[in-house]
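Chemist: So that you have it, the file is my_file.csv, and it contains CSV, C-alpha atoms:
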```
chain,number,residue,atom,x,y,z
A,1,MET,CA,-59.7,-28.4,-39.0
A,2,LYS,CA,-56.6,-30.5,-39.6
A,3,ILE,CA,-56.2,-33.6,-37.4
A,4,SER,CA,-52.8,-33.7,-35.7
A,5,GLU,CA,-50.6,-36.7,-36.3
A,6,ASP,CA,-49.2,-36.9,-32.7
A,7,GLY,CA,-50.0,-40.0,-30.7
A,8,PHE,CA,-53.0,-38.4,-28.9
A,9,HIS,CA,-54.9,-36.8,-31.7
A,10,ARG,CA,-55.2,-39.4,-34.4
A,11,ILE,CA,-58.5,-40.9,-35.6
A,12,LEU,CA,-60.0,-44.3,-35.0
A,13,HIS,CA,-60.7,-46.5,-38.1
A,14,GLN,CA,-63.8,-48.7,-38.6
A,15,VAL,CA,-63.5,-51.5,-41.1
A,16,ARG,CA,-66.9,-52.9,-41.9
A,17,SER,CA,-67.4,-56.6,-42.4
A,18,GLY,CA,-68.4,-56.0,-46.1
A,19,SER,CA,-65.2,-54.2,-46.9
A,20,LEU,CA,-62.7,-56.9,-45.9
A,21,SER,CA,-60.1,-57.5,-48.5
A,22,GLY,CA,-59.0,-60.9,-50.0
A,23,GLN,CA,-55.8,-59.4,-51.4
A,24,THR,CA,-53.6,-61.1,-48.9
A,25,ALA,CA,-51.3,-64.1,-48.7
A,26,GLN,CA,-53.3,-67.3,-49.0
A,27,THR,CA,-52.7,-71.0,-48.0
A,28,HIS,CA,-54.5,-73.6,-50.1
A,29,GLY,CA,-57.7,-74.7,-48.3
A,30,MET,CA,-58.3,-71.4,-46.6
A,31,ARG,CA,-59.6,-67.9,-47.4
A,32,ARG,CA,-58.0,-65.0,-45.5
A,33,LEU,CA,-59.7,-61.6,-45.4
A,34,GLU,CA,-57.8,-58.6,-44.3
A,35,ALA,CA,-59.4,-56.1,-41.9
A,36,VAL,CA,-56.7,-54.2,-40.0
A,37,SER,CA,-53.3,-53.7,-41.7
A,38,GLY,CA,-50.9,-51.1,-43.0
A,39,ARG,CA,-52.7,-51.0,-46.3
A,40,THR,CA,-56.3,-50.7,-44.8
A,41,VAL,CA,-55.8,-48.4,-41.8
A,42,GLY,CA,-52.1,-47.6,-41.6
A,43,SER,CA,-51.2,-49.9,-38.8
A,44,GLU,CA,-47.5,-50.4,-38.3
A,45,ASN,CA,-47.2,-53.6,-36.1
A,46,LEU,CA,-50.6,-55.3,-36.3
A,47,TRP,CA,-52.4,-57.4,-38.9
A,48,MET,CA,-55.9,-58.6,-38.2
A,49,GLY,CA,-58.5,-60.4,-40.2
A,50,GLN,CA,-60.7,-63.4,-40.7
A,51,THR,CA,-59.9,-66.9,-42.0
A,52,HIS,CA,-62.6,-69.2,-43.4
A,53,VAL,CA,-61.8,-72.9,-43.6
A,54,ALA,CA,-64.3,-74.7,-45.8
A,55,PRO,CA,-65.9,-78.0,-44.6
A,56,ALA,CA,-63.8,-81.1,-44.8
A,57,THR,CA,-60.6,-79.3,-45.7
A,58,ALA,CA,-57.2,-78.4,-44.3
A,59,SER,CA,-54.6,-75.8,-45.0
A,60,ALA,CA,-51.2,-76.6,-46.3
A,61,ASP,CA,-48.4,-77.0,-43.7
A,62,HIS,CA,-47.1,-73.5,-43.1
A,63,HIS,CA,-45.7,-70.9,-40.7
A,64,HIS,CA,-46.0,-67.1,-40.3
A,65,GLY,CA,-42.4,-66.1,-40.1
A,66,ARG,CA,-41.5,-63.7,-37.4
A,67,SER,CA,-45.2,-63.0,-36.5
A,68,GLU,CA,-46.8,-64.1,-33.3
A,69,THR,CA,-50.4,-65.1,-34.1
A,70,GLY,CA,-53.5,-65.0,-31.9
A,71,ILE,CA,-56.6,-66.9,-33.1
A,72,TYR,CA,-60.1,-66.6,-31.8
A,73,VAL,CA,-62.6,-69.2,-33.0
A,74,VAL,CA,-65.9,-67.5,-34.0
A,75,SER,CA,-67.7,-70.6,-35.4
A,76,GLY,CA,-67.1,-74.2,-36.3
A,77,HIS,CA,-64.7,-76.7,-34.7
A,78,PRO,CA,-61.3,-76.2,-36.3
A,79,ARG,CA,-58.2,-78.2,-35.4
A,80,PHE,CA,-54.7,-76.9,-35.1
A,81,VAL,CA,-51.9,-79.4,-35.8
A,82,PHE,CA,-48.2,-79.1,-35.0
A,83,LEU,CA,-45.2,-81.4,-34.1
A,84,ASP,CA,-44.1,-81.8,-30.5
A,85,GLU,CA,-40.3,-82.4,-30.8
A,86,SER,CA,-39.6,-82.0,-27.0
A,87,GLY,CA,-39.5,-85.8,-26.3
A,88,ASP,CA,-36.6,-88.2,-26.6
A,89,GLY,CA,-38.2,-90.2,-29.4
A,90,GLU,CA,-39.7,-89.4,-32.7
A,91,PRO,CA,-41.6,-86.1,-33.0
A,92,ARG,CA,-45.3,-86.6,-32.6
A,93,GLU,CA,-48.2,-84.7,-34.1
A,94,ILE,CA,-50.3,-82.8,-31.6
A,95,VAL,CA,-53.9,-81.8,-32.4
A,96,LEU,CA,-55.6,-79.0,-30.6
A,97,GLN,CA,-59.4,-79.3,-31.1
A,98,ALA,CA,-61.0,-75.9,-30.8
A,99,GLY,CA,-64.6,-74.5,-30.7
A,100,PRO,CA,-66.4,-71.2,-30.6
A,101,GLY,CA,-64.9,-68.9,-27.9
A,102,ASP,CA,-61.5,-70.7,-27.8
A,103,TYR,CA,-58.2,-68.9,-28.3
A,104,ILE,CA,-55.1,-70.4,-29.9
A,105,TYR,CA,-51.6,-68.9,-29.7
A,106,VAL,CA,-49.1,-69.7,-32.5
A,107,PRO,CA,-45.5,-68.6,-31.7
A,108,PRO,CA,-43.3,-67.2,-34.5
A,109,TRP,CA,-41.8,-69.7,-37.1
A,110,VAL,CA,-43.8,-72.7,-35.7
A,111,PRO,CA,-44.9,-75.0,-38.6
A,112,HIS,CA,-48.6,-75.9,-38.2
A,113,ARG,CA,-51.8,-76.7,-40.1
A,114,GLU,CA,-55.4,-75.7,-39.7
A,115,GLU,CA,-58.0,-78.3,-40.4
A,116,ASN,CA,-61.8,-78.3,-40.5
A,117,PRO,CA,-62.9,-82.0,-40.3
A,118,ASP,CA,-66.6,-81.1,-40.2
A,119,PRO,CA,-68.2,-82.3,-43.5
A,120,ASP,CA,-71.0,-79.6,-43.4
A,121,GLU,CA,-69.9,-76.5,-41.4
A,122,GLU,CA,-67.4,-73.8,-42.3
A,123,ALA,CA,-65.0,-72.8,-39.6
A,124,VAL,CA,-64.4,-69.1,-39.1
A,125,VAL,CA,-61.6,-67.6,-37.0
A,126,VAL,CA,-60.4,-64.1,-36.3
A,127,ILE,CA,-56.6,-63.7,-36.5
A,128,ALA,CA,-54.3,-61.1,-35.1
A,129,ARG,CA,-50.6,-61.0,-35.9
A,130,THR,CA,-47.7,-58.8,-34.7
A,131,THR,CA,-46.7,-57.9,-38.2
A,132,GLN,CA,-49.1,-55.8,-40.3
A,133,GLU,CA,-48.6,-58.0,-43.3
A,134,ALA,CA,-50.0,-61.6,-43.4
A,135,ILE,CA,-46.8,-63.7,-43.7
A,136,VAL,CA,-47.6,-67.2,-45.0
A,137,VAL,CA,-44.7,-69.5,-45.8
A,138,ASN,CA,-46.0,-72.9,-47.1
A,139,LEU,CA,-43.9,-75.9,-46.2
A,140,PRO,CA,-43.6,-79.5,-47.5
A,141,ASP,CA,-44.4,-80.9,-44.0
A,142,LEU,CA,-44.6,-79.9,-40.3
A,143,ARG,CA,-40.9,-80.5,-39.5
A,144,TRP,CA,-38.9,-77.4,-38.7
A,145,THR,CA,-35.8,-77.3,-40.9
A,146,GLY,CA,-35.0,-73.6,-40.9
A,147,ALA,CA,-36.3,-70.9,-43.1
A,148,THR,CA,-37.5,-73.0,-46.0
A,149,GLY,CA,-40.4,-72.5,-48.3
A,150,THR,CA,-41.4,-69.3,-50.0
A,151,PRO,CA,-44.1,-66.8,-49.3
A,152,SER,CA,-47.3,-67.8,-51.0
A,153,SER,CA,-49.9,-65.8,-52.9
A,154,GLU,CA,-51.8,-68.8,-54.3
A,155,GLY,CA,-55.5,-68.7,-54.0
```
Write out the structure in this file as structure tokens.

Modeler:
Amino acid sequence: MKISEDGFHRILHQVRSGSLSGQTAQTHGMRRLEAVSGRTVGSENLWMGQTHVAPATASADHHHGRSETGIYVVSGHPRFVFLDESGDGEPREIVLQAGPGDYIYVPPWVPHREENPDPDEEAVVVIARTTQEAIVVNLPDLRWTGATGTPSSEG
């Protein structure tokens, strides 16, 4: 029996934890694993996976282009750093300290950095984005200066 491709008769996909792919854009200091994407399940507008941040490390400053990003903290106590440029003075760094069960929202194009200050425990987060590809544009710092940087595939 052939499965119809209309919106009501498609199949669900299960991606088991042992089959996550590391073949995705990477930011130094982090390991991203792809679960739901166009490549893995045929999604058109969604990318979802895990990010592991090793103890006592931080990602490079980066943004995710046009993607909205939702983050759920599974374990550890990661920090999310960005610049608040809404005041009249100099921009100031804001640090969001997160823990298991917390959610973080990263709007499109916002430069930020993930950190794991814990010297012993890895931080693990689940990421969902509104583009099926994992866009990562590494930057020289947290200041927004337009579409600078290039997509990274470094490990």

Chemist: Which of these residues is nearest to His77 (chain A), using only C-alpha atoms: A:Ser59, A:Asn116, A:Ser21, A:Ser43?

Modeler: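 For His77 (chain A), the nearest of the candidates is A:Asn116.
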
Chemist: Just the number, please: distance in Å from CA of Ser37 (chain A) to CA of His64 (chain A), one decimal.

Modeler: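 Between CA of Ser37 (chain A) and CA of His64 (chain A) the gap works out to 15.3 Å.
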
Chemist: Suppose you want the space between CA of Arg32 (chain A) and CA of Glu93 (chain A); what is it in Å?

Modeler: 24.8 Å

Chemist: Find, counting only C-alpha atoms, the residue in A:Gly18, A:His13, A:Glu68, A:Ala60 that gets nearest to Ala134 (chain A).

Modeler: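 Of the candidates, the smallest distance to Ala134 (chain A) is held by A:Glu68.
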
Chemist: Please indicate the distance in Å from CA of Val136 (chain A) to CA of Ser86 (chain A), rounded to one decimal place.

Modeler: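 The value is 24.6 Å.
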
Chemist: Select, from A:Ser75, A:Gly42, A:Met30, A:Arg129, the residue with the minimum atom-to-atom distance to Leu12 (chain A), counting all atoms listed in the file.

Modeler: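 Closest to Leu12 (chain A) of all the choices is A:Gly42.
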